[in-house]
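> This is the structure I have questions about; it appears just below.
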Number of protein chains: 2
Amino acid sequence: MYKVLALAGGVGGAKLVLGLSKILKPEELSIVVNTADDDVFHGLHVSPDVDTVMYALAGLTNETTGWGIKGDTFRTLSALKKLGDEDWFQLGDLDLATHIKRTSLLHSGKSLSQATDHLAKKLGISHRVIPMSDDPVKTKAITESEELDFQDYFVRKKCEPAITGIRFDGINNAKPSEKFIEAISEAETIIICPSNPIVSIPPILELSGITELISNFHGKTIAVSPIIGKKALKGPAGKMMMELNEDVSSLGVAKRYVGICDLFVIDNTDIKEAPDIEELGINVHITSTIMNSQKDKITLAKNLLSLISS
Amino acid sequence: MYKVLALAGGVGGAKLVLGLSKILKPEELSIVVNTADDDVFHGLHVSPDVDTVMYALAGLTNETTGWGIKGDTFRTLSALKKLGDEDWFQLGDLDLATHIKRTSLLHSGKSLSQATDHLAKKLGISHRVIPMSDDPVKTKAITESEELDFQDYFVRKKCEPAITGIRFDGINNAKPSEKFIEAISEAETIIICPSNPIVSIPPILELSGITELISNFHGKTIAVSPIIGKKALKGPAGKMMMELNEDVSSLGVAKRYVGICDLFVIDNTDIKEAPDIEELGINVHITSTIMNSQKDKITLAKNLLSLISS
């Protein structure tokens with residue numbers, strides 16, 4: 001019997017979490033997901049990372065885009081555009097149902113945790129998907145000339161503006177969700193997924209008390225590097241790290257997790273970085289971390305679970 | 001130059017209003033629409049009669065169903081059903097954009113009038129579409145055993161339960177919208193469309209001060225009977241009138257408009273009812289009132305306008 005808590009952002013996190021879900025029973029895996037990039041479009045509450053994780057677990061992922069639901073269409077969005085709304089944040093017709101239902105649950109007084117629980121169950125997901133917080137946190141991408149909402153930076157501007165900083169508005173007043181705290185107290189292992197180390201994992205860690213709880217965690221905390229061969233496998237992590245003058249490397253990511261993780265998992269490609277990471281006081285495990293196929297995801301998940309007892 | 005104010009419910013009203021819009025310039029026609037059958041589905045504010053009128057004017061009407069947008073699909077609704085919502089009130093993907101945008105505008109502090117104005121303009125409608133009130137009024141269908149929300153009675157239960165009464169909850173606290181009052185004061189003629197005389201027109205007339213304003217109206221008020229040959233052309237008006245022990249006839253409708261209208265327009269079929277209607281102190285005009293084709297709609301509209309100067 002495992003008791004694993006996975007911390008996840010969007011795409012990279014969803015891949016590993018899917019692998020874990022194929023091995024671990026529902027009661028063995030809780031997934032806490034970043035909500036700092038949540039935003040409101042057309043009056044609807046969208047939780048991009050939660051949805052990416054849910055759709056992965058429900059087998060709905062659009063593998064081509066990495067976001068949204070496979071086979072989705074965009075009829076409502078095209079009609080919303082005619083009604084004067086912007087359509088750069090692409091929401092499909094099936095995907096919209098999630099946001100409509102979530103918004104309706106939130107307006108009826110449910111918390112984001114309760115809304116997520118409802119959605120996940122109805123999507124047939126048996127593992128626990130938990131938003132990091134029921135309070136609003138809003139990631140801002142700061143550039144030389146302006147401060148951008150994260151989705152504006154990430155989706156509309158395709159991460160083109162160089163950032164000088166990242167800020168998580170509201171992080172000081174946001175409490176970790178009750179189920180997050182519960183999941184930490186029950187967990188025997190924490191896995192930090194290969195999610196963006198600048199914008200996806202930090203908001204989770206910076207919630208009040210979380211860094212302390214994880215630093216003092218009685219079990220193993222294992223992080224998987226999202227950087228392979230000096231590049232982010234997916235997404236803007238590499239570009240962001242560079243602009244923030246961090247090493248774009250597994251070592252650079254490991255530096256962010258000093259005091260947080262016991263064991264850092266890097267890809268075979270990065271074997272030469274292992275000694276420098278161990279210098280930081282973090283053990284290193286080297287394996288293949290690329291997750292293209294479902295088999296890759298399950299293999300990496302098995303690999304990580306084998307580290308728990310070792 | 002005409003100055004016409006049309007009072008309308010859903011399907012029958014939309015047909016005549018479309019005819020009028022093909023003859024009258026934007027500044028010559030205002031349309032005030034019943035909102036007492038508005039309801040919230042999936043957290044979204046739906047204004048069925050306003051939408052039916054807007055879609056007619058925008059050339060979007062689904063002629064087969066009489067509601068919704070032609071060629072619409074139901075992908076979001078099918079996904080909402082999987083998420084646990086009911087799907088008996090059918091909202092298409094294109095149609096949903098209207099409700100999402102309306103709800104978003106209302107939540108941002110706009111009035112229903114402002115939201116409707118925005119939607120109508122974006123749909124390319126140049127005539128004024130005005131909700132009867134910005135305040136909530138809710139039609140209840142009362143049966144021997146229960147009180148039903150109107151859409152529950154009308155759509156889900158297909159008007160099957162026999163009604164013992166109709167109540168417009170909130171009508172005593174609902175003010176006519178500012179633009180409604182403005183439209184009355186500017187109008188030279190009021191046309192009461194062939195809409196349901198039990199649930200569509202009465203809420204408009206019962207808004208505070210409206211019956212007085214129309215009774216004392218300086219111009220002509222012309223009503224068109226929605227009953228032809230003892231039957232409602234469309235919808236449950238006949239069945240409802242019968243259950244409420246009213247004459248299911250043009251005469252029965254005319255009785256409801258005593259003191260309100262100067263001129264009552266009935267179909268050729270009902271020529272024998274003319275003397276009894278005139279007994280009520282209402283002049284009668286007899287013509288063809290069936291509106292199947294667009295040509296029919298325009299012909300009836302022309303016919304009505306010719307009555308203004310006669």
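Just remember, in the structure tokens the first chain shown is A, the second B, etc., residues are 1-based per chain, and ligands are 1-based in the order shown.
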Taking only C-alpha atoms into account, what are the residues of chain B at most 10 Å from chain A, put as number ranges by chain?
B: 41-44, 72-85, 92-108, 118-124
> Those same residues, written as a compact mmCIF listing (two decimals), in the first residue's frame with N, CA and C atoms?

# COMPACT_ATOMS: atom_id res chain seq x y z
N PHE B 41 -30.29 28.27 -16.21
CA PHE B 41 -29.91 26.89 -16.47
C PHE B 41 -28.38 26.80 -16.47
N HIS B 42 -27.85 25.84 -15.73
CA HIS B 42 -26.39 25.66 -15.65
C HIS B 42 -25.72 26.96 -15.17
N GLY B 43 -26.44 27.73 -14.36
CA GLY B 43 -25.89 29.00 -13.87
C GLY B 43 -25.95 30.12 -14.88
N LEU B 44 -26.58 29.88 -16.02
CA LEU B 44 -26.62 30.89 -17.09
C LEU B 44 -28.02 31.48 -17.20
N ASP B 72 -27.93 24.51 -35.18
CA ASP B 72 -27.17 24.41 -33.94
C ASP B 72 -26.92 22.95 -33.58
N THR B 73 -25.91 22.75 -32.74
CA THR B 73 -25.55 21.42 -32.25
C THR B 73 -25.62 21.45 -30.73
N PHE B 74 -25.48 20.33 -30.10
CA PHE B 74 -25.72 20.25 -28.65
C PHE B 74 -24.58 19.55 -27.93
N ARG B 75 -23.37 19.90 -28.33
CA ARG B 75 -22.20 19.22 -27.77
C ARG B 75 -21.94 19.62 -26.31
N THR B 76 -22.01 20.92 -26.05
CA THR B 76 -21.76 21.35 -24.67
C THR B 76 -22.82 20.78 -23.74
N LEU B 77 -24.08 20.81 -24.19
CA LEU B 77 -25.17 20.29 -23.35
C LEU B 77 -24.96 18.80 -23.05
N SER B 78 -24.50 18.06 -24.06
CA SER B 78 -24.29 16.63 -23.82
C SER B 78 -23.16 16.43 -22.81
N ALA B 79 -22.16 17.30 -22.85
CA ALA B 79 -21.07 17.21 -21.87
C ALA B 79 -21.56 17.64 -20.48
N LEU B 80 -22.44 18.66 -20.45
CA LEU B 80 -23.00 19.09 -19.16
C LEU B 80 -23.82 17.96 -18.54
N LYS B 81 -24.50 17.20 -19.38
CA LYS B 81 -25.29 16.08 -18.85
C LYS B 81 -24.38 15.07 -18.17
N LYS B 82 -23.23 14.81 -18.81
CA LYS B 82 -22.28 13.87 -18.20
C LYS B 82 -21.75 14.41 -16.87
N LEU B 83 -21.74 15.73 -16.74
CA LEU B 83 -21.27 16.34 -15.49
C LEU B 83 -22.39 16.45 -14.46
N GLY B 84 -23.55 15.86 -14.77
CA GLY B 84 -24.61 15.77 -13.76
C GLY B 84 -25.75 16.75 -13.93
N ASP B 85 -25.71 17.59 -14.96
CA ASP B 85 -26.80 18.55 -15.16
C ASP B 85 -27.94 17.92 -15.95
N GLY B 92 -28.41 24.94 -27.46
CA GLY B 92 -27.42 24.59 -28.47
C GLY B 92 -26.09 25.28 -28.22
N ASP B 93 -25.08 24.86 -28.94
CA ASP B 93 -23.74 25.41 -28.75
C ASP B 93 -23.68 26.88 -29.14
N LEU B 94 -24.33 27.25 -30.24
CA LEU B 94 -24.33 28.66 -30.67
C LEU B 94 -25.20 29.48 -29.72
N ASP B 95 -26.35 28.93 -29.39
CA ASP B 95 -27.29 29.56 -28.47
C ASP B 95 -26.62 29.83 -27.11
N LEU B 96 -25.83 28.86 -26.64
CA LEU B 96 -25.17 29.01 -25.34
C LEU B 96 -24.29 30.26 -25.27
N ALA B 97 -23.70 30.63 -26.39
CA ALA B 97 -22.86 31.83 -26.39
C ALA B 97 -23.67 33.04 -25.93
N THR B 98 -24.93 33.11 -26.39
CA THR B 98 -25.81 34.22 -25.98
C THR B 98 -25.98 34.23 -24.46
N HIS B 99 -26.25 33.06 -23.89
CA HIS B 99 -26.51 32.99 -22.45
C HIS B 99 -25.24 33.21 -21.64
N ILE B 100 -24.11 32.72 -22.15
CA ILE B 100 -22.83 32.93 -21.46
C ILE B 100 -22.51 34.43 -21.44
N LYS B 101 -22.68 35.07 -22.59
CA LYS B 101 -22.35 36.49 -22.68
C LYS B 101 -23.32 37.31 -21.83
N ARG B 102 -24.61 36.99 -21.91
CA ARG B 102 -25.61 37.72 -21.11
C ARG B 102 -25.27 37.60 -19.62
N THR B 103 -24.98 36.39 -19.18
CA THR B 103 -24.70 36.14 -17.77
C THR B 103 -23.44 36.90 -17.34
N SER B 104 -22.46 36.88 -18.20
CA SER B 104 -21.22 37.58 -17.89
C SER B 104 -21.47 39.09 -17.78
N LEU B 105 -22.28 39.64 -18.67
CA LEU B 105 -22.62 41.07 -18.60
C LEU B 105 -23.41 41.37 -17.33
N LEU B 106 -24.38 40.52 -16.99
CA LEU B 106 -25.16 40.74 -15.77
C LEU B 106 -24.27 40.68 -14.54
N HIS B 107 -23.37 39.70 -14.49
CA HIS B 107 -22.48 39.58 -13.33
C HIS B 107 -21.52 40.76 -13.23
N SER B 108 -21.23 41.38 -14.38
CA SER B 108 -20.32 42.53 -14.33
C SER B 108 -21.09 43.81 -13.98
N HIS B 118 -26.50 45.04 -25.94
CA HIS B 118 -25.20 44.57 -26.43
C HIS B 118 -25.38 43.37 -27.37
N LEU B 119 -26.15 42.39 -26.92
CA LEU B 119 -26.33 41.16 -27.71
C LEU B 119 -27.00 41.47 -29.04
N ALA B 120 -28.07 42.28 -29.00
CA ALA B 120 -28.81 42.58 -30.23
C ALA B 120 -27.91 43.29 -31.23
N LYS B 121 -27.14 44.27 -30.75
CA LYS B 121 -26.24 45.00 -31.66
C LYS B 121 -25.23 44.05 -32.29
N LYS B 122 -24.65 43.18 -31.47
CA LYS B 122 -23.63 42.27 -31.99
C LYS B 122 -24.24 41.24 -32.94
N LEU B 123 -25.52 40.96 -32.78
CA LEU B 123 -26.19 40.05 -33.71
C LEU B 123 -26.62 40.79 -34.98
N GLY B 124 -26.28 42.07 -35.03
CA GLY B 124 -26.57 42.84 -36.25
C GLY B 124 -28.00 43.37 -36.32
> Would you mind writing down, as a CSV table (one decimal) with N, CA and C atoms, in the first residue's frame, each residue of region 23-242 of chain A that DSSP on the backbone assigns to alpha helix (DSSP H)?

chain,number,residue,atom,x,y,z
A,23,ILE,N,-0.9,2.7,-11.9
A,23,ILE,CA,-0.3,1.7,-11.0
A,23,ILE,C,-0.9,1.8,-9.6
A,48,PRO,N,-6.9,25.9,-15.7
A,48,PRO,CA,-6.2,25.1,-16.8
A,48,PRO,C,-5.4,23.9,-16.3
A,49,ASP,N,-4.7,24.0,-15.2
A,49,ASP,CA,-3.9,22.9,-14.8
A,49,ASP,C,-4.8,21.8,-14.2
A,50,VAL,N,-5.8,22.1,-13.5
A,50,VAL,CA,-6.7,21.1,-12.9
A,50,VAL,C,-7.4,20.4,-14.1
A,51,ASP,N,-7.8,21.1,-15.1
A,51,ASP,CA,-8.4,20.5,-16.2
A,51,ASP,C,-7.5,19.6,-17.0
A,52,THR,N,-6.3,20.0,-17.2
A,52,THR,CA,-5.3,19.2,-17.9
A,52,THR,C,-5.1,17.9,-17.2
A,53,VAL,N,-5.0,18.0,-15.9
A,53,VAL,CA,-4.8,16.7,-15.1
A,53,VAL,C,-6.1,15.9,-15.1
A,54,MET,N,-7.2,16.5,-15.0
A,54,MET,CA,-8.5,15.7,-15.0
A,54,MET,C,-8.7,15.0,-16.4
A,55,TYR,N,-8.5,15.8,-17.4
A,55,TYR,CA,-8.7,15.2,-18.8
A,55,TYR,C,-7.7,14.1,-19.0
A,56,ALA,N,-6.5,14.2,-18.5
A,56,ALA,CA,-5.5,13.1,-18.7
A,56,ALA,C,-6.0,11.9,-18.0
A,57,LEU,N,-6.4,12.0,-16.7
A,57,LEU,CA,-6.9,10.9,-15.9
A,57,LEU,C,-8.2,10.3,-16.5
A,75,ARG,N,-17.6,25.8,-31.6
A,75,ARG,CA,-18.7,26.5,-32.1
A,75,ARG,C,-19.2,27.6,-31.1
A,76,THR,N,-19.2,27.3,-29.8
A,76,THR,CA,-19.7,28.3,-28.9
A,76,THR,C,-18.7,29.5,-28.9
A,77,LEU,N,-17.4,29.2,-28.9
A,77,LEU,CA,-16.4,30.2,-28.9
A,77,LEU,C,-16.5,31.1,-30.1
A,78,SER,N,-16.8,30.5,-31.3
A,78,SER,CA,-16.9,31.3,-32.5
A,78,SER,C,-18.2,32.2,-32.4
A,79,ALA,N,-19.2,31.7,-31.7
A,79,ALA,CA,-20.4,32.6,-31.5
A,79,ALA,C,-20.1,33.7,-30.5
A,80,LEU,N,-19.3,33.3,-29.5
A,80,LEU,CA,-18.9,34.4,-28.4
A,80,LEU,C,-18.1,35.5,-29.1
A,81,LYS,N,-17.3,35.1,-30.0
A,81,LYS,CA,-16.5,36.1,-30.7
A,81,LYS,C,-17.4,37.1,-31.5
A,82,LYS,N,-18.4,36.5,-32.1
A,82,LYS,CA,-19.4,37.4,-32.8
A,82,LYS,C,-20.1,38.3,-31.8
A,93,ASP,N,-16.2,23.2,-27.2
A,93,ASP,CA,-17.5,23.0,-26.7
A,93,ASP,C,-17.7,22.0,-25.6
A,94,LEU,N,-16.9,21.0,-25.6
A,94,LEU,CA,-17.0,20.0,-24.6
A,94,LEU,C,-16.3,20.5,-23.3
A,95,ASP,N,-15.1,21.2,-23.5
A,95,ASP,CA,-14.4,21.8,-22.5
A,95,ASP,C,-15.2,22.8,-21.7
A,96,LEU,N,-16.0,23.6,-22.5
A,96,LEU,CA,-16.8,24.7,-21.9
A,96,LEU,C,-17.8,24.1,-20.8
A,97,ALA,N,-18.3,22.9,-21.1
A,97,ALA,CA,-19.2,22.3,-20.1
A,97,ALA,C,-18.5,22.3,-18.7
A,98,THR,N,-17.2,21.9,-18.7
A,98,THR,CA,-16.5,21.9,-17.4
A,98,THR,C,-16.5,23.2,-16.7
A,99,HIS,N,-16.2,24.3,-17.5
A,99,HIS,CA,-16.1,25.6,-17.0
A,99,HIS,C,-17.5,26.1,-16.6
A,100,ILE,N,-18.5,25.8,-17.3
A,100,ILE,CA,-19.9,26.3,-17.0
A,100,ILE,C,-20.3,25.6,-15.7
A,101,LYS,N,-20.0,24.3,-15.6
A,101,LYS,CA,-20.5,23.6,-14.4
A,101,LYS,C,-19.7,24.1,-13.2
A,102,ARG,N,-18.3,24.2,-13.4
A,102,ARG,CA,-17.5,24.7,-12.2
A,102,ARG,C,-18.0,26.1,-11.8
A,103,THR,N,-18.3,27.0,-12.7
A,103,THR,CA,-18.7,28.3,-12.3
A,103,THR,C,-20.0,28.3,-11.6
A,104,SER,N,-20.9,27.4,-12.1
A,104,SER,CA,-22.2,27.3,-11.5
A,104,SER,C,-22.1,26.8,-10.1
A,105,LEU,N,-21.2,25.8,-9.9
A,105,LEU,CA,-21.0,25.3,-8.5
A,105,LEU,C,-20.4,26.3,-7.6
A,106,LEU,N,-19.4,27.1,-8.1
A,106,LEU,CA,-18.8,28.2,-7.3
A,106,LEU,C,-19.8,29.2,-6.9
A,107,HIS,N,-20.7,29.6,-7.9
A,107,HIS,CA,-21.7,30.6,-7.6
A,107,HIS,C,-22.7,30.2,-6.6
A,112,LEU,N,-13.7,25.6,-4.6
A,112,LEU,CA,-13.1,25.1,-5.8
A,112,LEU,C,-12.8,23.6,-5.5
A,113,SER,N,-12.4,23.2,-4.3
A,113,SER,CA,-12.2,21.8,-4.0
A,113,SER,C,-13.4,21.0,-4.2
A,114,GLN,N,-14.6,21.5,-3.7
A,114,GLN,CA,-15.8,20.8,-3.9
A,114,GLN,C,-16.2,20.7,-5.4
A,115,ALA,N,-16.0,21.8,-6.1
A,115,ALA,CA,-16.4,21.8,-7.5
A,115,ALA,C,-15.5,20.8,-8.3
A,116,THR,N,-14.2,20.8,-7.9
A,116,THR,CA,-13.3,19.9,-8.6
A,116,THR,C,-13.6,18.5,-8.3
A,117,ASP,N,-14.0,18.2,-7.1
A,117,ASP,CA,-14.3,16.9,-6.7
A,117,ASP,C,-15.6,16.4,-7.5
A,118,HIS,N,-16.5,17.3,-7.6
A,118,HIS,CA,-17.7,16.9,-8.4
A,118,HIS,C,-17.4,16.6,-9.9
A,119,LEU,N,-16.6,17.5,-10.4
A,119,LEU,CA,-16.2,17.3,-11.9
A,119,LEU,C,-15.4,16.1,-12.1
A,120,ALA,N,-14.4,15.8,-11.2
A,120,ALA,CA,-13.6,14.7,-11.4
A,120,ALA,C,-14.4,13.4,-11.3
A,121,LYS,N,-15.3,13.3,-10.3
A,121,LYS,CA,-16.1,12.1,-10.1
A,121,LYS,C,-17.0,11.9,-11.3
A,122,LYS,N,-17.6,13.0,-11.9
A,122,LYS,CA,-18.5,12.8,-13.0
A,122,LYS,C,-17.7,12.4,-14.3
A,150,PHE,N,-1.2,35.7,-16.2
A,150,PHE,CA,-0.4,34.6,-16.8
A,150,PHE,C,-0.9,34.1,-18.1
A,151,GLN,N,-2.2,33.9,-18.2
A,151,GLN,CA,-2.7,33.4,-19.5
A,151,GLN,C,-2.5,34.3,-20.6
A,178,GLU,N,-8.0,22.4,2.4
A,178,GLU,CA,-8.1,21.4,3.5
A,178,GLU,C,-7.7,20.0,3.0
A,179,LYS,N,-8.1,19.6,1.8
A,179,LYS,CA,-7.7,18.3,1.3
A,179,LYS,C,-6.2,18.2,1.0
A,180,PHE,N,-5.6,19.3,0.7
A,180,PHE,CA,-4.1,19.4,0.5
A,180,PHE,C,-3.4,19.0,1.8
A,181,ILE,N,-3.8,19.7,2.9
A,181,ILE,CA,-3.3,19.5,4.2
A,181,ILE,C,-3.5,18.0,4.6
A,182,GLU,N,-4.7,17.5,4.4
A,182,GLU,CA,-5.0,16.2,4.7
A,182,GLU,C,-4.1,15.2,3.9
A,183,ALA,N,-3.9,15.5,2.6
A,183,ALA,CA,-3.1,14.6,1.8
A,183,ALA,C,-1.7,14.6,2.2
A,184,ILE,N,-1.2,15.7,2.7
A,184,ILE,CA,0.2,15.7,3.2
A,184,ILE,C,0.3,14.9,4.4
A,185,SER,N,-0.7,15.1,5.3
A,185,SER,CA,-0.5,14.3,6.6
A,185,SER,C,-0.7,12.8,6.4
A,186,GLU,N,-1.4,12.4,5.3
A,186,GLU,CA,-1.6,11.0,5.1
A,186,GLU,C,-0.4,10.4,4.3
A,201,ILE,N,5.1,24.8,-9.9
A,201,ILE,CA,5.3,24.2,-8.6
A,201,ILE,C,5.4,25.3,-7.5
A,202,PRO,N,6.1,26.4,-7.7
A,202,PRO,CA,6.3,27.4,-6.7
A,202,PRO,C,5.0,27.9,-6.0
A,203,PRO,N,3.9,28.2,-6.7
A,203,PRO,CA,2.8,28.6,-6.0
A,203,PRO,C,2.3,27.6,-5.0
A,204,ILE,N,2.4,26.3,-5.4
A,204,ILE,CA,2.0,25.2,-4.4
A,204,ILE,C,2.8,25.3,-3.2
A,205,LEU,N,4.2,25.4,-3.4
A,205,LEU,CA,5.1,25.4,-2.3
A,205,LEU,C,5.0,26.6,-1.4
A,206,GLU,N,4.6,27.8,-2.0
A,206,GLU,CA,4.6,29.0,-1.3
A,206,GLU,C,3.3,29.3,-0.5
A,210,ILE,N,3.3,25.4,3.7
A,210,ILE,CA,3.6,24.2,2.9
A,210,ILE,C,5.0,23.9,2.8
A,211,THR,N,5.9,24.9,2.6
A,211,THR,CA,7.3,24.7,2.5
A,211,THR,C,7.8,24.0,3.8
A,212,GLU,N,7.3,24.5,4.9
A,212,GLU,CA,7.7,23.9,6.2
A,212,GLU,C,7.2,22.5,6.3
A,213,LEU,N,5.9,22.2,5.9
A,213,LEU,CA,5.4,20.9,6.0
A,213,LEU,C,6.2,19.9,5.2
A,214,ILE,N,6.6,20.4,4.0
A,214,ILE,CA,7.4,19.5,3.1
A,214,ILE,C,8.8,19.4,3.5
A,215,SER,N,9.4,20.5,4.0
A,215,SER,CA,10.8,20.4,4.5
A,215,SER,C,10.9,19.4,5.6
A,237,ALA,N,9.4,26.8,-19.7
A,237,ALA,CA,10.3,26.8,-18.5
A,237,ALA,C,11.7,27.2,-18.8
A,238,GLY,N,12.2,26.7,-19.9
A,238,GLY,CA,13.6,27.0,-20.2
A,238,GLY,C,13.8,28.5,-20.5
A,239,LYS,N,12.9,29.1,-21.3
A,239,LYS,CA,13.0,30.5,-21.7
A,239,LYS,C,12.9,31.4,-20.4
A,240,MET,N,11.9,31.0,-19.5
A,240,MET,CA,11.7,31.8,-18.3
A,240,MET,C,12.9,31.7,-17.4
A,241,MET,N,13.5,30.5,-17.2
A,241,MET,CA,14.7,30.4,-16.4
A,241,MET,C,15.8,31.2,-16.9
A,242,MET,N,16.0,31.2,-18.2
A,242,MET,CA,17.1,32.0,-18.8
A,242,MET,C,16.9,33.5,-18.5
> For Thr221 (chain B), which residue among B:Ile171, B:Leu7, B:Ile277, B:Cys159 is the nearest when counting only C-alpha atoms?
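Once distances to Thr221 (chain B) are computed over only C-alpha atoms, the minimum belongs to B:Leu7.
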> Which of these residues is nearest to Pro194 (chain B), using only C-alpha atoms: B:Pro226, B:Gly209, B:Pro136, B:Pro236?
B:Pro226
> Calculated over only C-alpha atoms, which of the candidates B:Lys158, B:Ile222, B:Gly235, B:Leu280 has the smallest distance to Asn303 (chain B)?
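Once distances to Asn303 (chain B) are computed over only C-alpha atoms, the minimum belongs to B:Ile222.
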> Which polymer residues have any atom within 9 Å of an atom of Thr269 (chain A), counting only C-alpha atoms, with same-chain residues fewer than 5 positions away left out, as an MDAnalysis selection string?
chainID A and resid 228:229 286:288
> Keeping only C-alpha atoms, take the residues you just selected and write them out as a short mmCIF file (atom, residue, chain, number, x, y, z; two decimals), in the first residue's frame.

data_model
loop_
_atom_site.label_atom_id
_atom_site.label_comp_id
_atom_site.auth_asym_id
_atom_site.auth_seq_id
_atom_site.Cartn_x
_atom_site.Cartn_y
_atom_site.Cartn_z
CA ILE A 228 16.39 17.60 -20.19
CA GLY A 229 19.59 18.54 -22.00
CA ILE A 286 19.22 8.90 -13.26
CA THR A 287 16.77 7.28 -15.64
CA SER A 288 14.79 7.97 -18.78
#
> Please return, as an NGL selection string, all residues of region 205-256 of chain B that DSSP assigns to strand (DSSP E) on the basis of the backbone.
:B and (220-224 or 227-228 or 231-232)
> Those same residues - N, CA and C atoms - I'd like them written as a PDB file, in the first residue's frame.

ATOM      1  N   LYS B 220     -53.170  54.805 -31.260  1.00  0.00           N
ATOM      2  CA  LYS B 220     -53.947  53.576 -31.374  1.00  0.00           C
ATOM      3  C   LYS B 220     -53.201  52.413 -30.735  1.00  0.00           C
ATOM      4  N   THR B 221     -53.943  51.540 -30.069  1.00  0.00           N
ATOM      5  CA  THR B 221     -53.373  50.271 -29.629  1.00  0.00           C
ATOM      6  C   THR B 221     -54.096  49.153 -30.375  1.00  0.00           C
ATOM      7  N   ILE B 222     -53.310  48.407 -31.127  1.00  0.00           N
ATOM      8  CA  ILE B 222     -53.852  47.363 -31.985  1.00  0.00           C
ATOM      9  C   ILE B 222     -53.366  46.014 -31.468  1.00  0.00           C
ATOM     10  N   ALA B 223     -54.274  45.096 -31.222  1.00  0.00           N
ATOM     11  CA  ALA B 223     -53.872  43.749 -30.801  1.00  0.00           C
ATOM     12  C   ALA B 223     -54.218  42.739 -31.894  1.00  0.00           C
ATOM     13  N   VAL B 224     -53.372  41.759 -32.050  1.00  0.00           N
ATOM     14  CA  VAL B 224     -53.622  40.695 -33.028  1.00  0.00           C
ATOM     15  C   VAL B 224     -53.924  39.410 -32.263  1.00  0.00           C
ATOM     16  N   ILE B 227     -55.387  33.431 -31.430  1.00  0.00           N
ATOM     17  CA  ILE B 227     -56.305  32.284 -31.570  1.00  0.00           C
ATOM     18  C   ILE B 227     -56.995  32.399 -32.928  1.00  0.00           C
ATOM     19  N   ILE B 228     -56.985  31.336 -33.656  1.00  0.00           N
ATOM     20  CA  ILE B 228     -57.675  31.285 -34.953  1.00  0.00           C
ATOM     21  C   ILE B 228     -58.527  30.026 -34.973  1.00  0.00           C
ATOM     22  N   LYS B 231     -58.488  27.751 -31.863  1.00  0.00           N
ATOM     23  CA  LYS B 231     -57.234  27.065 -31.513  1.00  0.00           C
ATOM     24  C   LYS B 231     -56.086  28.061 -31.521  1.00  0.00           C
ATOM     25  N   ALA B 232     -55.115  27.846 -30.625  1.00  0.00           N
ATOM     26  CA  ALA B 232     -53.894  28.638 -30.714  1.00  0.00           C
ATOM     27  C   ALA B 232     -53.117  28.137 -31.918  1.00  0.00           C
TER      28      ALA B 232
END
> For Val258 (chain B), find every residue with an atom within 9 Å (counting only C-alpha atoms), except residues of its own chain fewer than 2 positions away, and show them as a PyMOL selection string.
chain B and resi 254-256+260-262+280-282
> Now that the selection is made, can you save its residues with C-alpha atoms as a PDB file, in the first residue's frame?

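part-v1.pdb, freshly written:
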ATOM      1  CA  ALA B 254     -60.397  40.243 -26.724  1.00  0.00           C
ATOM      2  CA  LYS B 255     -62.064  40.056 -23.302  1.00  0.00           C
ATOM      3  CA  ARG B 256     -58.592  40.176 -21.761  1.00  0.00           C
ATOM      4  CA  ILE B 260     -56.290  48.117 -23.394  1.00  0.00           C
ATOM      5  CA  CYS B 261     -56.763  47.957 -27.134  1.00  0.00           C
ATOM      6  CA  ASP B 262     -58.764  50.073 -29.584  1.00  0.00           C
ATOM      7  CA  LEU B 280     -66.942  44.784 -25.834  1.00  0.00           C
ATOM      8  CA  GLY B 281     -66.267  48.264 -27.209  1.00  0.00           C
ATOM      9  CA  ILE B 282     -63.317  47.208 -29.345  1.00  0.00           C
TER      10      ILE B 282
END
> Expressed in Å to a single decimal, how great is the separation between CA of Ser126 (chain A) and CA of Ala14 (chain A)?
15.0 Å
> Nearest to Thr139 (chain A) among A:Ile69, A:Met1, A:Val199, A:Ala301, with distances taken over only C-alpha atoms: which residue is it?
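The answer is A:Val199, which sits nearest to Thr139 (chain A).
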> Could you check the closest approach to Leu5 (chain A) for each of A:Val40, A:Met132, A:Leu263, A:Val46 and tell me which residue wins, using only C-alpha atoms?
A:Met132
